[in-house]
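As stored in model_26.csv (CSV, C-alpha atoms and all ligand atoms):
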chain,number,residue,atom,x,y,z
A,553,MET,CA,1.6,-20.8,10.3
A,554,GLU,CA,2.7,-20.0,6.8
A,555,LEU,CA,-0.4,-19.9,4.6
A,556,LEU,CA,1.4,-18.8,1.4
A,557,GLN,CA,5.0,-18.9,0.4
A,558,VAL,CA,6.2,-17.1,-2.7
A,559,LYS,CA,9.7,-17.9,-3.8
A,560,ASN,CA,11.7,-16.2,-6.6
A,561,LEU,CA,8.5,-15.5,-8.5
A,562,SER,CA,8.9,-13.9,-11.9
A,563,LYS,CA,6.9,-13.0,-15.0
A,564,SER,CA,8.0,-11.6,-18.3
A,565,PHE,CA,5.7,-10.4,-21.1
A,566,GLY,CA,8.0,-10.7,-24.2
A,567,THR,CA,10.9,-8.4,-23.2
A,568,THR,CA,9.0,-6.7,-20.4
A,569,ARG,CA,10.1,-8.1,-17.1
A,570,ALA,CA,7.0,-7.3,-15.0
A,571,VAL,CA,8.0,-9.3,-11.9
A,572,GLU,CA,11.6,-10.2,-11.2
A,573,GLY,CA,12.3,-12.8,-8.6
A,574,ILE,CA,10.2,-11.7,-5.6
A,575,SER,CA,9.9,-13.8,-2.4
A,576,PHE,CA,7.6,-13.3,0.5
A,577,THR,CA,5.5,-15.2,3.0
A,578,VAL,CA,2.0,-14.6,4.3
A,579,HIS,CA,1.2,-16.0,7.7
A,580,GLU,CA,-2.2,-17.1,8.8
A,581,GLY,CA,-4.3,-14.3,10.3
A,582,ARG,CA,-2.2,-11.5,9.0
A,583,CYS,CA,-3.2,-8.7,6.7
A,584,VAL,CA,-0.5,-8.0,4.2
A,585,ALA,CA,-0.2,-5.0,1.8
A,586,LEU,CA,1.6,-5.4,-1.5
A,587,LEU,CA,2.5,-1.8,-2.0
A,588,GLY,CA,4.1,-0.1,-5.0
A,589,PRO,CA,3.7,2.7,-7.6
A,590,ASN,CA,1.9,2.2,-10.9
A,591,GLY,CA,3.5,-0.4,-13.0
A,592,ALA,CA,5.5,-2.0,-10.1
A,593,GLY,CA,4.1,-5.4,-10.9
A,594,LYS,CA,1.3,-5.7,-8.3
A,595,THR,CA,-1.5,-6.9,-10.6
A,596,THR,CA,0.9,-9.3,-12.3
A,597,THR,CA,1.8,-10.8,-9.0
A,598,ILE,CA,-1.7,-11.0,-7.7
A,599,ARG,CA,-3.0,-12.6,-11.0
A,600,MET,CA,-0.3,-15.3,-10.6
A,601,LEU,CA,-1.3,-16.0,-7.0
A,602,ALA,CA,-4.9,-16.2,-8.1
A,603,GLY,CA,-3.9,-18.8,-10.8
A,604,LEU,CA,-5.0,-16.6,-13.7
A,605,LEU,CA,-1.5,-16.1,-15.1
A,606,LYS,CA,1.3,-18.6,-15.4
A,607,GLN,CA,4.6,-17.5,-13.9
A,608,THR,CA,7.8,-17.5,-16.0
A,609,GLY,CA,9.8,-18.7,-13.0
A,610,GLY,CA,9.7,-19.4,-9.3
A,611,HIS,CA,7.2,-21.0,-6.9
A,612,ILE,CA,3.9,-20.3,-5.3
A,613,GLN,CA,2.9,-22.6,-2.4
A,614,PHE,CA,-0.3,-22.5,-0.5
A,615,GLN,CA,-0.4,-24.4,2.8
A,616,GLY,CA,-2.7,-27.5,2.3
A,617,ALA,CA,-3.5,-26.8,-1.4
A,618,GLY,CA,-1.5,-28.9,-3.8
A,619,THR,CA,-4.0,-29.1,-6.5
A,620,GLU,CA,-5.7,-26.5,-8.6
A,621,LEU,CA,-9.1,-27.4,-7.0
A,622,GLU,CA,-7.8,-27.1,-3.5
A,623,ARG,CA,-6.2,-23.8,-4.3
A,624,LYS,CA,-9.5,-22.5,-5.7
A,625,SER,CA,-11.4,-23.5,-2.6
A,626,LEU,CA,-8.8,-21.8,-0.4
A,627,LEU,CA,-8.7,-18.5,-2.2
A,628,GLY,CA,-11.1,-15.5,-2.7
A,629,TYR,CA,-10.1,-13.1,-5.3
A,630,LEU,CA,-11.2,-9.5,-6.1
A,631,PRO,CA,-9.7,-8.2,-9.4
A,632,GLN,CA,-8.5,-4.6,-9.9
A,633,SER,CA,-11.5,-3.8,-12.2
A,634,PRO,CA,-14.2,-6.4,-11.6
A,635,THR,CA,-16.7,-6.8,-14.4
A,636,PHE,CA,-20.2,-8.0,-13.9
A,637,TYR,CA,-23.2,-8.8,-16.0
A,638,GLY,CA,-25.1,-5.5,-15.7
A,639,TRP,CA,-28.5,-7.2,-16.4
A,640,MET,CA,-28.2,-9.5,-13.4
A,641,THR,CA,-29.2,-8.3,-9.9
A,642,GLY,CA,-26.6,-8.3,-7.2
A,643,LEU,CA,-28.3,-11.3,-5.5
A,644,GLU,CA,-28.4,-13.3,-8.8
A,645,TYR,CA,-24.8,-12.6,-9.5
A,646,VAL,CA,-23.5,-13.8,-6.1
A,647,SER,CA,-25.7,-16.8,-6.2
A,648,PHE,CA,-24.4,-17.5,-9.8
A,649,ILE,CA,-20.8,-17.4,-8.5
A,650,GLY,CA,-21.8,-19.6,-5.6
A,651,LYS,CA,-23.1,-22.2,-8.0
A,652,LEU,CA,-19.9,-21.9,-10.1
A,653,SER,CA,-17.9,-22.6,-6.9
A,654,GLY,CA,-19.8,-25.8,-6.4
A,655,LEU,CA,-22.7,-24.9,-4.2
A,656,GLY,CA,-26.2,-26.4,-4.9
A,657,ALA,CA,-28.8,-23.9,-6.1
A,658,SER,CA,-30.5,-23.4,-2.7
A,659,ASP,CA,-27.3,-23.2,-0.7
A,660,ALA,CA,-25.9,-20.7,-3.3
A,661,LYS,CA,-29.0,-18.5,-2.8
A,662,LYS,CA,-28.8,-18.7,1.0
A,663,ARG,CA,-25.1,-17.8,0.9
A,664,ALA,CA,-25.8,-15.0,-1.5
A,665,ILE,CA,-28.5,-13.5,0.8
A,666,GLU,CA,-26.2,-13.7,3.7
A,667,LEU,CA,-23.3,-12.1,1.8
A,668,VAL,CA,-25.1,-9.1,0.3
A,669,GLU,CA,-26.2,-8.2,3.8
A,670,ARG,CA,-22.7,-8.8,5.1
A,671,VAL,CA,-21.2,-6.3,2.6
A,672,GLY,CA,-23.9,-3.8,3.1
A,673,ILE,CA,-25.8,-3.9,-0.2
A,674,GLY,CA,-28.8,-5.9,1.1
A,675,ASP,CA,-31.2,-3.1,0.1
A,676,ALA,CA,-30.0,-3.0,-3.5
A,677,ALA,CA,-29.5,-6.7,-3.9
A,678,LYS,CA,-32.7,-7.1,-6.0
A,679,ARG,CA,-31.7,-4.2,-8.3
A,680,ARG,CA,-29.8,-4.7,-11.6
A,681,ILE,CA,-26.1,-4.2,-11.2
A,682,ARG,CA,-25.9,-1.7,-14.1
A,683,GLY,CA,-27.4,0.9,-11.7
A,684,TYR,CA,-24.9,0.3,-8.9
A,685,SER,CA,-22.4,3.0,-7.8
A,686,GLY,CA,-18.6,2.2,-7.8
A,687,GLY,CA,-18.7,1.6,-4.1
A,688,MET,CA,-21.6,-0.8,-4.4
A,689,LYS,CA,-19.9,-2.7,-7.2
A,690,GLN,CA,-16.7,-3.0,-5.2
A,691,ARG,CA,-18.8,-4.4,-2.3
A,692,LEU,CA,-20.5,-6.8,-4.7
A,693,GLY,CA,-17.1,-7.9,-5.8
A,694,LEU,CA,-16.2,-8.6,-2.2
A,695,ALA,CA,-19.3,-10.6,-1.7
A,696,GLN,CA,-18.5,-12.8,-4.7
A,697,ALA,CA,-14.9,-13.2,-3.4
A,698,LEU,CA,-16.2,-14.4,-0.1
A,699,VAL,CA,-18.7,-17.0,-1.5
A,700,ASN,CA,-16.4,-20.0,-0.8
A,701,ARG,CA,-15.4,-18.8,2.7
A,702,PRO,CA,-11.8,-18.3,1.7
A,703,LYS,CA,-8.9,-18.8,4.1
A,704,LEU,CA,-7.0,-16.2,2.1
A,705,LEU,CA,-8.7,-13.2,0.5
A,706,ILE,CA,-6.7,-11.6,-2.3
A,707,MET,CA,-7.7,-8.2,-3.5
A,708,ASP,CA,-6.1,-6.0,-6.2
A,709,GLU,CA,-6.5,-2.3,-5.3
A,710,PRO,CA,-9.8,-2.7,-3.5
A,711,VAL,CA,-10.3,1.0,-2.7
A,712,SER,CA,-8.2,2.9,-5.3
A,713,ALA,CA,-11.0,3.6,-7.7
A,714,LEU,CA,-13.5,4.7,-5.2
A,715,ASP,CA,-14.6,8.2,-4.1
A,716,PRO,CA,-13.8,9.2,-0.5
A,717,ILE,CA,-17.2,8.0,0.8
A,718,GLY,CA,-17.0,4.6,-1.0
A,719,ARG,CA,-13.4,4.3,0.1
A,720,ARG,CA,-14.3,4.8,3.7
A,721,GLU,CA,-17.1,2.3,3.5
A,722,VAL,CA,-15.0,-0.4,1.9
A,723,LEU,CA,-12.1,0.2,4.3
A,724,LYS,CA,-14.5,-0.3,7.2
A,725,LEU,CA,-15.7,-3.5,5.7
A,726,LEU,CA,-12.1,-4.7,5.1
A,727,GLU,CA,-11.3,-3.8,8.7
A,728,GLU,CA,-14.0,-6.4,9.8
A,729,LEU,CA,-13.1,-9.0,7.2
A,730,LYS,CA,-9.4,-9.1,8.2
A,731,ARG,CA,-10.4,-10.2,11.7
A,732,GLU,CA,-12.0,-13.3,10.1
A,733,THR,CA,-9.6,-14.3,7.4
A,734,THR,CA,-6.0,-13.8,6.1
A,735,VAL,CA,-5.9,-10.9,3.7
A,736,LEU,CA,-3.4,-9.9,1.0
A,737,PHE,CA,-4.2,-6.7,-1.0
A,738,SER,CA,-2.3,-4.5,-3.3
A,739,THR,CA,-2.3,-0.7,-3.2
A,740,HIS,CA,-0.3,2.2,-4.4
A,741,VAL,CA,-1.5,4.3,-1.5
A,742,LEU,CA,0.7,4.1,1.5
A,743,HIS,CA,-2.1,5.4,3.7
A,744,ASP,CA,-4.4,2.5,2.9
A,745,ALA,CA,-1.6,0.1,3.7
A,746,GLU,CA,-0.9,1.8,7.0
A,747,GLU,CA,-4.6,1.9,8.0
A,748,LEU,CA,-5.2,-1.8,7.4
A,749,CYS,CA,-2.2,-4.0,7.3
A,750,ASP,CA,0.2,-5.7,9.7
A,751,ASP,CA,2.9,-6.5,7.1
A,752,VAL,CA,4.1,-4.7,4.0
A,753,VAL,CA,5.8,-5.9,0.9
A,754,ILE,CA,7.0,-2.9,-1.1
A,755,ILE,CA,7.7,-3.6,-4.7
A,756,ARG,CA,9.3,-1.3,-7.3
A,757,ARG,CA,10.0,-2.2,-10.9
A,758,GLY,CA,9.2,-5.9,-10.3
A,759,GLU,CA,11.5,-6.3,-7.4
A,760,ILE,CA,11.1,-6.2,-3.6
A,761,ALA,CA,12.4,-2.9,-2.2
A,762,LEU,CA,11.5,-3.5,1.4
A,763,GLN,CA,9.4,-5.9,3.5
A,764,GLY,CA,8.5,-6.7,7.0
A,765,SER,CA,5.9,-5.9,9.7
A,766,LEU,CA,4.7,-2.3,9.5
A,767,SER,CA,6.0,-1.5,13.0
A,768,ASP,CA,9.4,-3.0,12.2
A,769,VAL,CA,9.8,-1.2,9.0
A,770,ARG,CA,8.7,2.0,10.7
A,771,ASN,CA,11.2,1.6,13.6
A,772,ARG,CA,14.1,0.4,11.5
A,773,HIS,CA,13.9,3.4,9.2
A,774,ARG,CA,13.0,6.1,11.6
A,775,ARG,CA,15.4,9.1,11.3
A,776,SER,CA,15.5,12.3,13.2
A,777,LEU,CA,14.9,15.4,11.1
A,778,ILE,CA,14.5,19.1,11.2
A,779,GLU,CA,11.9,20.9,9.0
A,780,LEU,CA,12.6,24.5,8.1
A,781,GLN,CA,10.3,27.0,6.5
A,782,LEU,CA,11.9,30.3,5.7
A,783,GLU,CA,10.6,33.6,4.4
A,784,GLU,CA,11.1,33.7,0.7
A,785,ASP,CA,13.3,36.8,0.5
A,786,GLU,CA,16.5,36.5,-1.6
A,787,ARG,CA,18.9,36.5,1.4
A,788,SER,CA,17.0,33.6,3.1
A,789,LEU,CA,16.6,31.6,-0.1
A,790,SER,CA,20.2,31.9,-1.0
A,791,TRP,CA,21.4,30.9,2.5
A,792,LEU,CA,19.2,27.8,2.3
A,793,ARG,CA,20.5,26.9,-1.2
A,794,ASP,CA,24.1,27.1,0.1
A,795,PHE,CA,23.3,25.1,3.2
A,796,ALA,CA,21.6,22.4,1.1
A,797,ASP,CA,24.6,22.2,-1.3
A,798,LYS,CA,27.0,21.8,1.6
A,799,VAL,CA,24.9,19.0,3.2
A,800,SER,CA,24.5,17.3,-0.2
A,801,ALA,CA,28.3,17.5,-0.8
A,802,GLY,CA,28.8,15.7,2.5
A,803,ALA,CA,29.9,18.8,4.3
A,804,GLY,CA,27.2,18.9,6.9
A,805,LEU,CA,29.9,18.9,9.5
A,806,VAL,CA,30.0,21.2,12.5
A,807,ASN,CA,33.2,21.1,14.6
A,808,GLY,CA,34.2,17.9,12.7
A,809,HIS,CA,30.9,16.2,13.7
A,810,ALA,CA,28.4,15.2,11.0
A,811,LEU,CA,25.3,16.9,12.3
A,812,PHE,CA,23.4,17.1,9.1
A,813,LYS,CA,23.3,13.9,7.1
A,814,GLN,CA,21.0,14.3,4.2
A,815,VAL,CA,18.6,16.7,2.6
A,816,GLU,CA,15.3,14.9,2.3
A,817,HIS,CA,13.4,17.6,0.6
A,818,HIS,CA,14.2,21.1,-0.6
A,819,GLN,CA,12.0,23.5,-2.5
A,820,ARG,CA,12.4,27.2,-2.3
A,821,GLY,CA,12.1,28.2,1.3
A,822,ALA,CA,11.2,24.7,2.6
A,823,MET,CA,13.6,22.0,3.7
A,824,LYS,CA,13.6,18.7,5.5
A,825,VAL,CA,17.1,17.6,6.6
A,826,ILE,CA,18.0,14.4,8.3
A,827,VAL,CA,20.2,15.0,11.4
A,828,ASP,CA,22.3,12.9,13.7
A,829,ASP,CA,22.1,14.6,17.1
A,830,ILE,CA,18.9,16.5,17.1
A,831,ASP,CA,19.7,18.8,20.1
A,832,LYS,CA,23.1,19.8,18.7
A,833,ALA,CA,21.8,20.3,15.2
A,834,ARG,CA,19.0,22.5,16.4
A,835,GLU,CA,21.3,24.5,18.6
A,836,TRP,CA,23.7,25.1,15.8
A,837,LEU,CA,21.0,25.9,13.3
A,838,LEU,CA,19.3,28.4,15.5
A,839,SER,CA,22.4,30.3,16.2
A,840,GLU,CA,23.5,30.2,12.5
A,841,LEU,CA,20.1,31.4,11.3
A,842,ALA,CA,20.3,34.3,13.7
A,843,LYS,CA,23.8,35.2,12.8
A,844,GLU,CA,23.1,35.2,9.1
A,845,ARG,CA,19.9,37.1,9.7
A,846,VAL,CA,17.8,34.5,7.9
A,847,LYS,CA,14.1,35.0,8.4
A,848,VAL,CA,12.6,31.8,9.8
A,849,ASN,CA,8.8,31.2,9.7
A,850,ARG,CA,9.0,27.7,11.2
A,851,LEU,CA,11.5,25.3,12.6
A,852,GLU,CA,10.2,21.9,13.7
A,853,VAL,CA,12.0,18.8,14.9
A,854,GLY,CA,10.5,15.4,14.3
A,855,HIS,CA,11.0,12.0,12.8
A,856,SER,CA,10.8,10.8,9.2
A,857,SER,CA,7.5,9.2,8.5
A,858,LEU,CA,6.7,6.0,6.6
A,859,GLU,CA,5.6,8.4,3.8
A,860,ASP,CA,9.1,9.8,3.6
A,861,LEU,CA,10.5,6.3,3.4
A,862,PHE,CA,8.0,5.2,0.8
A,863,MET,CA,8.7,8.2,-1.4
A,864,LYS,CA,12.4,7.6,-1.1
A,865,VAL,CA,12.2,3.9,-1.8
A,866,VAL,CA,9.9,4.5,-4.8
A,867,ALA,CA,12.0,7.3,-6.2
A,868,GLU,CA,15.3,5.5,-6.0
G,1,LIG,N1,-0.4,-8.5,-20.5
G,1,LIG,C1,0.7,-7.7,-20.5
G,1,LIG,N2,1.4,-7.6,-21.6
G,1,LIG,C2,2.5,-6.8,-21.6
G,1,LIG,N3,3.0,-6.1,-20.5
G,1,LIG,C3,2.3,-6.2,-19.4
G,1,LIG,C4,1.1,-7.0,-19.3
G,1,LIG,N4,0.6,-6.9,-18.1
G,1,LIG,C5,1.4,-6.0,-17.4
G,1,LIG,N5,2.4,-5.6,-18.2
G,1,LIG,C6,3.6,-4.7,-17.8
G,1,LIG,O1,4.1,-5.2,-16.6
G,1,LIG,C7,4.4,-4.2,-15.7
G,1,LIG,C8,3.7,-4.4,-14.4
G,1,LIG,O2,2.3,-4.2,-14.6
G,1,LIG,P1,1.2,-4.4,-13.5
G,1,LIG,O3,-0.1,-4.2,-14.1
G,1,LIG,O4,1.5,-5.7,-12.8
G,1,LIG,O5,1.6,-3.2,-12.5
G,1,LIG,P2,0.7,-2.7,-11.2
G,1,LIG,O6,1.7,-2.6,-10.1
G,1,LIG,O7,-0.5,-3.5,-11.0
G,1,LIG,O8,0.3,-1.2,-11.7
G,1,LIG,P3,-1.0,-0.3,-11.4
G,1,LIG,O9,-0.7,0.4,-10.1
G,1,LIG,O10,-1.0,0.7,-12.5
G,1,LIG,O11,-2.2,-1.2,-11.4
G,1,LIG,C9,4.1,-2.9,-16.5
G,1,LIG,O12,5.3,-2.4,-17.1
G,1,LIG,C10,3.1,-3.3,-17.5
G,1,LIG,O13,3.1,-2.5,-18.6
G,2,MG,MG,-2.4,-3.0,-11.0
Let me see whether you can do it: turn the structure in this file into structure tokens.
Amino acid sequence: MELLQVKNLSKSFGTTRAVEGISFTVHEGRCVALLGPNGAGKTTTIRMLAGLLKQTGGHIQFQGAGTELERKSLLGYLPQSPTFYGWMTGLEYVSFIGKLSGLGASDAKKRAIELVERVGIGDAAKRRIRGYSGGMKQRLGLAQALVNRPKLLIMDEPVSALDPIGRREVLKLLEELKRETTVLFSTHVLHDAEELCDDVVIIRRGEIALQGSLSDVRNRHRRSLIELQLEEDERSLSWLRDFADKVSAGAGLVNGHALFKQVEHHQRGAMKVIVDDIDKAREWLLSELAKERVKVNRLEVGHSSLEDLFMKVVAE
């Protein structure tokens, strides 16, 4: 079932077009990553979904939530940099949010006790928030986002600001939460998206660059490649430069067959080149390297990773 439909959504701030006509769907039970570099429009998109920012154009439709009130009860939202009242304790804060979302005082307190335990800050719940670490604050942020038992949990960069330990802890918690509820989160870190999500929506400069299930995107864009690492003597470096120039000029042909399609990466003695027929390309390359007396440290065949694809999409 489609829980959320976004159609042609856009947002301008004066002359800055932060989001330019993006469309995507979130299905119930899925975990979706909104992935993109800094300034891509992730926060702007998420704030529109959370109802905190009015779009300039397009539609946002939540299944079974026509009114503002229904939307609020459906959604849980964790902002990019949550702010808290430092003088409150964690427990008081979650209970306060519970009351704001319509719970009676004793229900709010019960729910708060349950949630601080759930996110792993039970021991610190009676301490003032101003003494919390970044990871604890992020978990408190999650607790407040879960107060209303949301069907859709929306989070803006939930782990980006954390140190490696905090990051690991929050990722583990998200791993559990995504089994219970539909999740949409933004990140600029591909690895976080790969670790958690089923679907990706990659945005760049306010537009969708690529979207689909993670496995589809991976398979669709998988390319064979050869990685070379040469000794950095003049002869080897110059051979590699010539080879890279030939491939880039569309002359990666061997006996009329386009063996070498594209240079993916080239820096000094290191190169990644996308090939058509991996066996033929390797055979030709090995004999050529021997003939030209190029000193090879490493030759590896493999496939392009999602990282390669992401870097390419983002750099375009
Ligand atoms: N309130 C605002 N006024 C003017 N421009 C804004 C405003 N908010 C965002 N922008 C611009 O919109 C674009 C998208 O910003 P946004 O914060 O949505 O990106 P982001 O993908 O969340 O980036 P980050 O990874 O750095 O958090 C940027 O060019 C930003 O400068
Ligand atoms: Mg942002």
At a cut-off of 9 Å around ligand LIG 1 (chain G), and using only C-alpha atoms and all ligand atoms, what residues come up? Please write them as JSON, numbers by chain.
{"A": [563, 564, 565, 566, 567, 568, 569, 570, 571, 587, 588, 589, 590, 591, 592, 593, 594, 595, 596, 597, 598, 599, 632, 708, 709, 738, 739, 740, 755, 756, 757, 758]}
Atoms to include: C-alpha atoms. Write the selected residues as a compact mmCIF listing (two decimals), in the coordinates of the input.
# COMPACT_ATOMS: atom_id res chain seq x y z
CA LYS A 563 6.90 -13.00 -15.00
CA SER A 564 8.00 -11.60 -18.30
CA PHE A 565 5.70 -10.40 -21.10
CA GLY A 566 8.00 -10.70 -24.20
CA THR A 567 10.90 -8.40 -23.20
CA THR A 568 9.00 -6.70 -20.40
CA ARG A 569 10.10 -8.10 -17.10
CA ALA A 570 7.00 -7.30 -15.00
CA VAL A 571 8.00 -9.30 -11.90
CA LEU A 587 2.50 -1.80 -2.00
CA GLY A 588 4.10 -0.10 -5.00
CA PRO A 589 3.70 2.70 -7.60
CA ASN A 590 1.90 2.20 -10.90
CA GLY A 591 3.50 -0.40 -13.00
CA ALA A 592 5.50 -2.00 -10.10
CA GLY A 593 4.10 -5.40 -10.90
CA LYS A 594 1.30 -5.70 -8.30
CA THR A 595 -1.50 -6.90 -10.60
CA THR A 596 0.90 -9.30 -12.30
CA THR A 597 1.80 -10.80 -9.00
CA ILE A 598 -1.70 -11.00 -7.70
CA ARG A 599 -3.00 -12.60 -11.00
CA GLN A 632 -8.50 -4.60 -9.90
CA ASP A 708 -6.10 -6.00 -6.20
CA GLU A 709 -6.50 -2.30 -5.30
CA SER A 738 -2.30 -4.50 -3.30
CA THR A 739 -2.30 -0.70 -3.20
CA HIS A 740 -0.30 2.20 -4.40
CA ILE A 755 7.70 -3.60 -4.70
CA ARG A 756 9.30 -1.30 -7.30
CA ARG A 757 10.00 -2.20 -10.90
CA GLY A 758 9.20 -5.90 -10.30
Pick from A:Val825, A:Leu858, A:Leu838, A:Ile706, whichever lies nearest to His773 (chain A) using all atoms listed in the file
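Between A:Val825, A:Leu858, A:Leu838, A:Ile706, the residue approaching His773 (chain A) most closely is A:Leu858.
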List every residue of region 641-710 of chain A that has an atom at most 8 Å from any atom of region 730-734 of chain A, giving for each one its closest atom pair and the distance in Å to one decimal, counting all atoms listed in the file, sorted by chain and then by ascending residue number, as JSON lines.
{"residue": "A:Pro702", "atom": "CA", "partner": "A:Thr733", "partner_atom": "CA", "distance": 7.3}
{"residue": "A:Lys703", "atom": "CA", "partner": "A:Thr733", "partner_atom": "CA", "distance": 5.6}
{"residue": "A:Leu704", "atom": "CA", "partner": "A:Thr734", "partner_atom": "CA", "distance": 4.8}
{"residue": "A:Leu705", "atom": "CA", "partner": "A:Thr734", "partner_atom": "CA", "distance": 6.2}
Please dump the current selection as a compact mmCIF listing (two decimals), in the frame of the given file; keep C-alpha atoms.
# COMPACT_ATOMS: atom_id res chain seq x y z
CA PRO A 702 -11.80 -18.30 1.70
CA LYS A 703 -8.90 -18.80 4.10
CA LEU A 704 -7.00 -16.20 2.10
CA LEU A 705 -8.70 -13.20 0.50
Would you list the contacts of Leu762 (chain A) as number ranges by chain, taking every protein, DNA or RNA residue within 12 Å and counting all atoms listed in the file, but skipping same-chain residues closer than 4 positions in sequence?
A: 574-576, 585-588, 751-756, 766, 768-770, 772-773, 858, 861-862, 864-866
Mind dumping the selected residues with C-alpha atoms as an mmCIF file, in the coordinates of the input?
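Ended up saving to selection_22.cif:
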data_model
loop_
_atom_site.group_PDB
_atom_site.id
_atom_site.type_symbol
_atom_site.label_atom_id
_atom_site.label_comp_id
_atom_site.auth_asym_id
_atom_site.auth_seq_id
_atom_site.Cartn_x
_atom_site.Cartn_y
_atom_site.Cartn_z
ATOM 1 C CA ILE A 574 10.200 -11.700 -5.600
ATOM 2 C CA SER A 575 9.900 -13.800 -2.400
ATOM 3 C CA PHE A 576 7.600 -13.300 0.500
ATOM 4 C CA ALA A 585 -0.200 -5.000 1.800
ATOM 5 C CA LEU A 586 1.600 -5.400 -1.500
ATOM 6 C CA LEU A 587 2.500 -1.800 -2.000
ATOM 7 C CA GLY A 588 4.100 -0.100 -5.000
ATOM 8 C CA ASP A 751 2.900 -6.500 7.100
ATOM 9 C CA VAL A 752 4.100 -4.700 4.000
ATOM 10 C CA VAL A 753 5.800 -5.900 0.900
ATOM 11 C CA ILE A 754 7.000 -2.900 -1.100
ATOM 12 C CA ILE A 755 7.700 -3.600 -4.700
ATOM 13 C CA ARG A 756 9.300 -1.300 -7.300
ATOM 14 C CA LEU A 766 4.700 -2.300 9.500
ATOM 15 C CA ASP A 768 9.400 -3.000 12.200
ATOM 16 C CA VAL A 769 9.800 -1.200 9.000
ATOM 17 C CA ARG A 770 8.700 2.000 10.700
ATOM 18 C CA ARG A 772 14.100 0.400 11.500
ATOM 19 C CA HIS A 773 13.900 3.400 9.200
ATOM 20 C CA LEU A 858 6.700 6.000 6.600
ATOM 21 C CA LEU A 861 10.500 6.300 3.400
ATOM 22 C CA PHE A 862 8.000 5.200 0.800
ATOM 23 C CA LYS A 864 12.400 7.600 -1.100
ATOM 24 C CA VAL A 865 12.200 3.900 -1.800
ATOM 25 C CA VAL A 866 9.900 4.500 -4.800
#
Min atom-atom distance to Glu835 (chain A) from the set A:Met823, A:Asp744, A:Lys624, A:Leu811, counting only C-alpha atoms, belongs to A:Leu811
Would you kindly return, as a VMD selection string, each protein, DNA or RNA residue with an atom no farther than 12 Å from any atom of Leu655 (chain A), considering all atoms listed in the file and excluding same-chain residues fewer than 5 positions away?
chain A and resid 625 646 to 650 660 to 664 699 to 701
In terms of the shortest atom-to-atom distance over all atoms listed in the file, which of A:Gln607, A:Val671, A:Phe614, A:Ser712 is closest to ligand MG 2 (chain G)?
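Counting all atoms listed in the file, the residue closest to ligand MG 2 (chain G) is A:Ser712.
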Which distance in Å separates CA of Ile717 (chain A) and CA of Glu644 (chain A), to one decimal?
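Distance reported for this atom pair: 25.9 Å.
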Mind checking which residues fall within 12 Å of Gly616 (chain A), counting all atoms listed in the file, ignoring those fewer than 5 positions away in the same chain, and posting them as a count of residues only?
13
Just how far from CA of Ser767 (chain A) is CA of Leu630 (chain A), in Å to one decimal?
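A separation of 26.9 Å between them.
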Extract, using all atoms listed in the file, all DNA, RNA and protein residues at most 8 Å from Arg680 (chain A), discarding same-chain residues fewer than 6 positions from it, and format them as an NGL selection string.
:A and (638-642)
